[in-house]
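The data block below is final18.txt; it holds compact mmCIF, C-alpha atoms.
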# COMPACT_ATOMS: atom_id res chain seq x y z
CA MET C 131 -6.87 -6.25 -17.62
CA SER C 132 -9.87 -3.91 -17.77
CA GLU C 133 -9.61 -3.38 -13.99
CA ASP C 134 -5.95 -2.45 -14.45
CA ILE C 135 -6.92 0.12 -17.11
CA LYS C 136 -9.66 1.49 -14.87
CA PHE C 137 -7.18 2.17 -12.08
CA LEU C 138 -4.50 3.47 -14.46
CA ASP C 139 -7.13 5.91 -15.74
CA ILE C 140 -7.61 7.17 -12.17
CA ALA C 141 -3.82 7.41 -11.72
CA TYR C 142 -3.74 9.40 -14.96
CA GLU C 143 -6.30 11.83 -13.49
CA GLU C 144 -3.81 12.34 -10.64
CA ALA C 145 -1.03 12.93 -13.20
CA LEU C 146 -3.17 15.63 -14.79
CA LYS C 147 -3.35 17.39 -11.40
CA ALA C 148 0.45 17.43 -11.29
CA TYR C 149 0.62 18.71 -14.87
CA GLU C 150 -1.71 21.59 -14.01
CA LYS C 151 0.65 22.54 -11.15
CA ASP C 152 3.69 22.41 -13.44
CA GLU C 153 4.93 19.29 -11.66
CA VAL C 154 6.23 16.24 -13.54
CA PRO C 155 2.92 14.55 -14.47
CA ILE C 156 2.96 11.26 -12.62
CA GLY C 157 0.00 9.89 -10.69
CA ALA C 158 -0.59 6.87 -8.48
CA VAL C 159 -3.40 5.03 -6.72
CA ILE C 160 -3.31 2.19 -4.21
CA VAL C 161 -6.06 -0.41 -4.29
CA LYS C 162 -7.06 -3.03 -1.74
CA ASP C 163 -9.91 -5.44 -2.40
CA GLY C 164 -11.07 -3.37 -5.36
CA GLU C 165 -11.25 -0.11 -3.38
CA ILE C 166 -8.91 2.87 -3.66
CA ILE C 167 -7.27 3.55 -0.31
CA GLY C 168 -4.68 6.10 -1.43
CA LYS C 169 -4.06 8.53 -4.28
CA GLY C 170 -1.20 10.81 -5.11
CA HIS C 171 0.55 12.91 -7.72
CA ASN C 172 3.95 14.56 -7.81
CA GLN C 173 4.09 17.50 -5.40
CA ARG C 174 7.82 18.17 -5.02
CA ILE C 175 7.57 21.80 -6.11
CA GLU C 176 4.30 22.49 -4.33
CA LYS C 177 5.54 21.01 -1.03
CA ASN C 178 9.18 22.04 -1.58
CA ASN C 179 10.20 18.50 -0.67
CA ALA C 180 12.11 16.03 -2.86
CA LEU C 181 10.27 13.09 -1.28
CA TYR C 182 6.82 13.98 -2.60
CA HIS C 183 6.71 11.64 -5.57
CA ALA C 184 3.27 10.33 -6.57
CA GLU C 185 3.91 6.89 -5.10
CA ILE C 186 5.09 8.28 -1.76
CA VAL C 187 2.05 10.55 -1.48
CA ALA C 188 -0.27 7.62 -2.28
CA ILE C 189 1.50 5.35 0.23
CA GLU C 190 1.23 8.01 2.92
CA GLU C 191 -2.50 8.42 2.31
CA ALA C 192 -3.09 4.64 2.21
CA CYS C 193 -1.25 4.20 5.52
CA ARG C 194 -3.29 6.99 7.07
CA ASN C 195 -6.55 5.51 5.75
CA THR C 196 -5.79 1.97 6.92
CA GLY C 197 -4.11 2.92 10.19
CA SER C 198 -1.14 0.73 9.33
CA TRP C 199 2.23 1.05 7.62
CA ARG C 200 1.75 -2.45 6.23
CA LEU C 201 -0.08 -2.38 2.92
CA ASP C 202 -0.24 -6.16 2.52
CA GLY C 203 -2.40 -7.34 -0.35
CA CYS C 204 -2.45 -3.93 -2.04
CA THR C 205 -1.74 -3.05 -5.65
CA LEU C 206 -0.16 0.26 -6.61
CA TYR C 207 -1.08 1.65 -10.04
CA VAL C 208 1.28 4.34 -11.27
CA THR C 209 1.50 6.05 -14.62
CA VAL C 210 5.31 5.73 -14.85
CA GLU C 211 7.80 3.11 -13.68
CA PRO C 212 8.89 3.82 -10.09
CA CYS C 213 12.33 5.26 -9.29
CA VAL C 214 14.75 3.75 -6.78
CA MET C 215 13.35 5.77 -3.86
CA CYS C 216 9.77 4.82 -4.64
CA ALA C 217 10.63 1.16 -5.28
CA GLY C 218 12.23 1.08 -1.83
CA ALA C 219 9.14 2.62 -0.24
CA ILE C 220 6.92 0.13 -2.09
CA MET C 221 8.95 -2.77 -0.74
CA GLN C 222 9.08 -1.35 2.78
CA SER C 223 5.30 -0.84 2.87
CA ARG C 224 4.76 -4.46 1.77
CA ILE C 225 2.72 -3.60 -1.34
CA LYS C 226 2.04 -6.85 -3.19
CA LYS C 227 1.99 -5.66 -6.80
CA VAL C 228 2.82 -2.64 -8.94
CA VAL C 229 1.20 -1.93 -12.31
CA PHE C 230 2.75 0.88 -14.34
CA GLY C 231 1.88 2.40 -17.69
CA ALA C 232 5.15 3.78 -19.06
CA LEU C 233 8.86 3.06 -18.77
CA ASP C 234 11.36 5.47 -17.24
CA GLN C 235 14.49 4.81 -19.29
CA LYS C 236 16.59 7.26 -17.23
CA GLY C 237 15.69 6.23 -13.71
CA GLY C 238 13.26 3.32 -13.67
CA ALA C 239 13.98 0.88 -10.87
CA VAL C 240 11.72 -2.00 -11.95
CA VAL C 241 12.80 -2.95 -15.49
CA SER C 242 14.47 -0.02 -17.27
CA LYS C 243 17.62 0.96 -15.38
CA TYR C 244 17.49 -1.32 -12.33
CA ARG C 245 15.50 -4.43 -11.44
CA LEU C 246 14.99 -4.02 -7.71
CA PHE C 247 11.83 -6.14 -7.52
CA ASP C 248 13.75 -9.04 -9.13
CA ASP C 249 16.76 -8.76 -6.80
CA GLY C 250 16.82 -11.98 -4.78
CA LYS C 251 19.22 -10.43 -2.26
CA LEU C 252 16.43 -8.15 -1.03
CA PRO C 253 13.96 -9.59 1.48
CA PHE C 254 10.83 -8.25 -0.29
CA LYS C 255 8.87 -9.80 -3.15
CA VAL C 256 6.86 -7.39 -5.28
CA ASP C 257 5.03 -8.56 -8.39
CA TYR C 258 4.80 -6.09 -11.25
CA SER C 259 3.47 -5.60 -14.73
CA LEU C 260 3.90 -3.00 -17.43
CA ILE C 261 0.79 -2.13 -19.39
CA ASN C 262 1.41 0.04 -22.42
CA TYR C 263 -0.69 3.00 -21.31
CA GLU C 264 0.01 5.46 -24.08
CA LYS C 265 -1.53 8.49 -22.35
CA ALA C 266 1.13 8.28 -19.62
CA SER C 267 3.93 8.50 -22.18
CA ILE C 268 2.25 11.26 -24.15
CA ILE C 269 1.67 13.56 -21.16
CA LEU C 270 5.31 13.15 -20.06
CA LYS C 271 6.65 13.90 -23.53
CA ASP C 272 4.35 16.91 -23.81
CA PHE C 273 5.43 18.20 -20.39
CA PHE C 274 9.14 18.02 -21.17
CA LEU C 275 8.73 19.40 -24.71
CA ASN C 276 6.98 22.43 -23.20
CA LYS C 277 9.74 22.80 -20.60
CA ARG C 278 12.43 22.77 -23.31
CA ARG C 279 10.46 25.20 -25.47
CA VAL C 280 10.03 27.66 -22.60
CA SER C 281 13.73 27.48 -21.68
CA ARG C 282 14.73 28.18 -25.30
CA GLU C 283 12.46 31.22 -25.35
CA ARG C 284 14.26 32.75 -22.36

Just give me the structure of the file as structure tokens.
Amino acid sequence: MSEDIKFLDIAYEEALKAYEKDEVPIGAVIVKDGEIIGKGHNQRIEKNNALYHAEIVAIEEACRNTGSWRLDGCTLYVTVEPCVMCAGAIMQSRIKKVVFGALDQKGGAVVSKYRLFDDGKLPFKVDYSLINYEKASIILKDFFLNKRRVSRER
């Protein structure tokens, strides 16, 4: 459990980078054999590309660093439950496990809205666990409260 928190802390540092760029503050890291092989944070606005979710950025870096699209035996730590797009990318890249720190009630594809990793019709098995990582929830709430406040002031 303490190793999970250690890597969620690093994912949270990535989320802070997104927050500073006025991106939705989600961060991710990919770990293999105790070593980080990929990091990412949301960059959709910065890159002007809808695909640049934290998980996708981390997967891309991990693939580049390993020289393979197969991330067998890897664990992805992400501050918020993956969406459908990211869950699909996780399965396609053969990531073994996902650990996330907060639920996404509106679009979560692991336990909240959909349960893609539990769908026996899909050919991929991904283990997962939710760790109540309060900082991930707080930064998201803060981000969206600020967004609503700014839009009311306009």

Here is a test: counting only C-alpha atoms, which residue of C:Ile156, C:Ile189, C:Leu181, C:Val229 is nearest to C:Phe137?
C:Val229

What gap, in Å, lies between atom CA of C:Ala188 and atom CA of C:Lys277?
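Taking atom CA of C:Ala188 and atom CA of C:Lys277, their separation equals 25.8 Å.
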
Please, what distance in Å, to one decimal, runs between atom CA of C:Asn178 and atom CA of C:Cys216?
17.5 Å

Which is closest to C:Cys204 among C:Glu150, C:Asp139, C:Asp257, C:Asp163, if we use all atoms listed in the file?
C:Asp163

Choose the residue, out of C:Thr205, C:Asn276, C:Asn179, C:Ser281, that has the smallest atom-to-atom separation from C:Ala192; count all atoms listed in the file.
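The shortest atom-to-atom distance to C:Ala192 comes from C:Thr205.
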